[in-house]
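Source file entry15.tsv; content: TSV, C-alpha atoms.
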```
chain	number	residue	atom	x	y	z
A	1	MET	CA	0.00	0.00	0.00
A	2	ALA	CA	1.11	3.53	-0.76
A	3	ALA	CA	-0.54	6.21	1.34
A	4	ALA	CA	-0.64	9.97	1.67
A	5	LEU	CA	-2.26	12.24	4.21
A	6	GLY	CA	-3.58	15.47	2.75
A	7	TYR	CA	-4.02	18.64	4.77
A	8	HIS	CA	-5.63	21.83	3.47
A	9	THR	CA	-4.52	25.27	4.57
A	10	GLY	CA	-6.82	26.38	7.35
A	11	GLY	CA	-8.40	22.93	7.64
A	12	ASP	CA	-8.46	20.87	10.77
A	13	ARG	CA	-8.83	17.38	9.29
A	14	ALA	CA	-6.63	15.25	7.08
A	15	ARG	CA	-7.77	13.30	4.03
A	16	MET	CA	-6.15	9.95	3.43
A	17	CYS	CA	-5.35	8.86	-0.10
A	18	PHE	CA	-4.08	5.35	-0.68
A	19	HIS	CA	-3.25	2.94	-3.45
A	20	LEU	CA	-3.21	-0.84	-3.18
A	21	GLN	CA	-1.42	-3.34	-5.35
A	22	PRO	CA	-0.29	-6.94	-4.81
A	23	ASP	CA	3.36	-6.39	-5.76
A	24	SER	CA	5.95	-4.09	-4.26
A	25	TYR	CA	6.24	-0.54	-5.54
A	26	ASP	CA	8.89	0.56	-7.99
A	27	THR	CA	9.50	3.81	-9.83
A	28	ASP	CA	6.93	3.11	-12.54
A	29	SER	CA	4.15	2.15	-10.14
A	30	LEU	CA	4.88	5.16	-7.92
A	31	ILE	CA	4.71	7.48	-10.91
A	32	GLY	CA	1.26	6.03	-11.53
A	33	VAL	CA	0.31	6.77	-7.92
A	34	LEU	CA	1.51	10.35	-8.33
A	35	GLU	CA	-0.60	10.70	-11.47
A	36	GLN	CA	-3.66	9.60	-9.51
A	37	LEU	CA	-2.73	12.00	-6.71
A	38	ALA	CA	-2.52	14.82	-9.27
A	39	GLY	CA	-6.09	14.06	-10.31
A	40	PHE	CA	-7.28	13.90	-6.72
A	41	TYR	CA	-5.74	17.29	-5.93
A	42	ALA	CA	-6.46	18.85	-9.34
A	43	GLY	CA	-5.82	22.57	-9.35
A	44	GLN	CA	-4.12	22.55	-5.96
A	45	ARG	CA	-0.49	22.78	-4.91
A	46	VAL	CA	0.83	19.76	-3.01
A	47	VAL	CA	3.84	19.35	-0.74
A	48	LEU	CA	4.92	15.72	-0.58
A	49	LEU	CA	7.15	14.46	2.25
A	50	TRP	CA	9.03	11.38	1.11
A	51	ASP	CA	11.44	9.04	2.83
A	52	GLY	CA	14.58	7.53	1.33
A	53	LEU	CA	13.03	4.59	-0.54
A	54	SER	CA	15.21	4.10	-3.62
A	55	ALA	CA	12.19	4.23	-5.97
A	56	HIS	CA	11.40	7.71	-4.61
A	57	TRP	CA	14.77	9.04	-5.75
A	58	SER	CA	15.68	7.07	-8.86
A	59	LYS	CA	16.88	9.01	-11.90
A	60	ARG	CA	13.58	8.40	-13.70
A	61	MET	CA	11.57	9.54	-10.66
A	62	ARG	CA	13.65	12.71	-10.29
A	63	GLN	CA	12.99	13.49	-13.96
A	64	HIS	CA	9.26	12.92	-13.47
A	65	LEU	CA	9.19	15.09	-10.33
A	66	ALA	CA	11.01	17.90	-12.15
A	67	ALA	CA	8.18	17.94	-14.71
A	68	GLN	CA	5.55	18.16	-11.93
A	69	GLN	CA	6.83	21.29	-10.21
A	70	HIS	CA	3.77	23.29	-11.32
A	71	TRP	CA	1.68	21.41	-8.74
A	72	LEU	CA	4.07	19.26	-6.67
A	73	GLN	CA	6.84	20.20	-4.26
A	74	VAL	CA	8.78	17.26	-2.81
A	75	GLU	CA	10.70	17.41	0.44
A	76	ARG	CA	12.96	14.58	1.48
A	77	LEU	CA	12.82	13.24	5.00
A	78	PRO	CA	16.02	12.19	6.78
A	79	ALA	CA	17.16	8.62	6.08
A	80	TYR	CA	15.35	7.20	9.10
A	81	ALA	CA	12.86	9.47	10.81
A	82	PRO	CA	9.46	7.75	11.15
A	83	GLU	CA	8.45	10.27	13.80
A	84	LEU	CA	8.52	13.00	11.12
A	85	ASN	CA	6.36	11.08	8.65
A	86	PRO	CA	2.64	11.23	9.54
A	87	VAL	CA	1.86	8.22	7.30
A	88	GLU	CA	4.10	5.97	9.42
A	89	GLY	CA	1.45	6.02	12.13
A	90	LEU	CA	-0.84	4.10	9.76
A	91	TRP	CA	1.42	1.07	9.67
```
Full structure transcribed into structure tokens:
Amino acid sequence: MAAALGYHTGGDRARMCFHLQPDSYDTDSLIGVLEQLAGFYAGQRVVLLWDGLSAHWSKRMRQHLAAQQHWLQVERLPAYAPELNPVEGLW
């Protein structure tokens, strides 16, 4: 499962977005998840906090993220910092 918690400026509740698939995630499948997230948050700016999973930072993913800067800002979490990642509480 891939998951994201969405917060709106001035809002007091989070929205959870998630994607399920039987196999593990790789760069291609995560790009697909980001495309779905773009549709879910259409017209809105998104800040994505991501950990150090290799598929999050592959060359192909970095190229894809560079093309998404009009709606998506990505911030990298430290190598191991589950306390900084609100999605970790779901697991």
Which residues, written as a PDB file with C-alpha atoms, keeping the file's coordinate frame, have at least one atom at most 9 Å from Pro78 of chain A, with only C-alpha atoms counted and residues fewer than 5 positions away on the same chain left out?
```
ATOM      1  CA  ASP A  51      11.440   9.040   2.830  1.00  0.00           C
ATOM      2  CA  GLY A  52      14.580   7.530   1.330  1.00  0.00           C
ATOM      3  CA  LEU A  84       8.520  13.000  11.120  1.00  0.00           C
TER       4      LEU A  84
END
```
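Counting from atom CA of Gln21 of chain A, the distance to atom CA of Trp50 of chain A is 19.2 Å.
Closest to Ala38 of chain A among A:Pro82, A:Met1, A:Pro22, A:Leu72 is A:Leu72, based on only C-alpha atoms.
For Val33 of chain A, the non-local neighbours within 9 Å, defined as residues at least 3 positions apart in the same chain or in other chains and counting only C-alpha atoms, are Ala2, Phe18, His19, Asp28, Ser29, Leu30, Gln36, Leu37 and Ala38 of chain A.
The interatomic distance for the pair atom CA of Arg60 of chain A and atom CA of Arg45 of chain A works out to 22.0 Å.
Using only C-alpha atoms, the nearest neighbour of Leu77 of chain A within the list A:Ser24, A:Gly6, A:Leu53, A:Cys17 is A:Leu53.
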(message) Which residues are near His70 of chain A? Cut-off 10 Å, all atoms listed in the file, ignore same chain within fewer than 2 positions. Put them as a PyMOL selection string.
(response) chain A and resi 43-46+65-68+72-73
(request) Could you jot down the atom CA of Leu49 of chain A to atom CA of Gly10 of chain A separation for me, Å, one decimal place? (result) 19.1 Å
(message) Restricting the calculation to only C-alpha atoms: of A:Ala42, A:Leu5, A:Glu35, A:Arg76, which residue gets closest to His64 of chain A?
(response) A:Glu35
Might I get the box with edges along x, y and z of the file that holds all atoms of segment 63-69 of chain A listed there, padded by 6 Å on every side, given as centre and edge lengths in Å to one decimal, as AutoDock Vina command-line options?
```
--center_x 9.3 --center_y 17.1 --center_z -12.5 --size_x 19.4 --size_y 20.4 --size_z 16.5
```
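With distances taken over all atoms listed in the file, A:Tyr41 is the one residue among A:Glu75, A:Tyr41, A:Leu34, A:Ala55 lying closest to Tyr7 of chain A.
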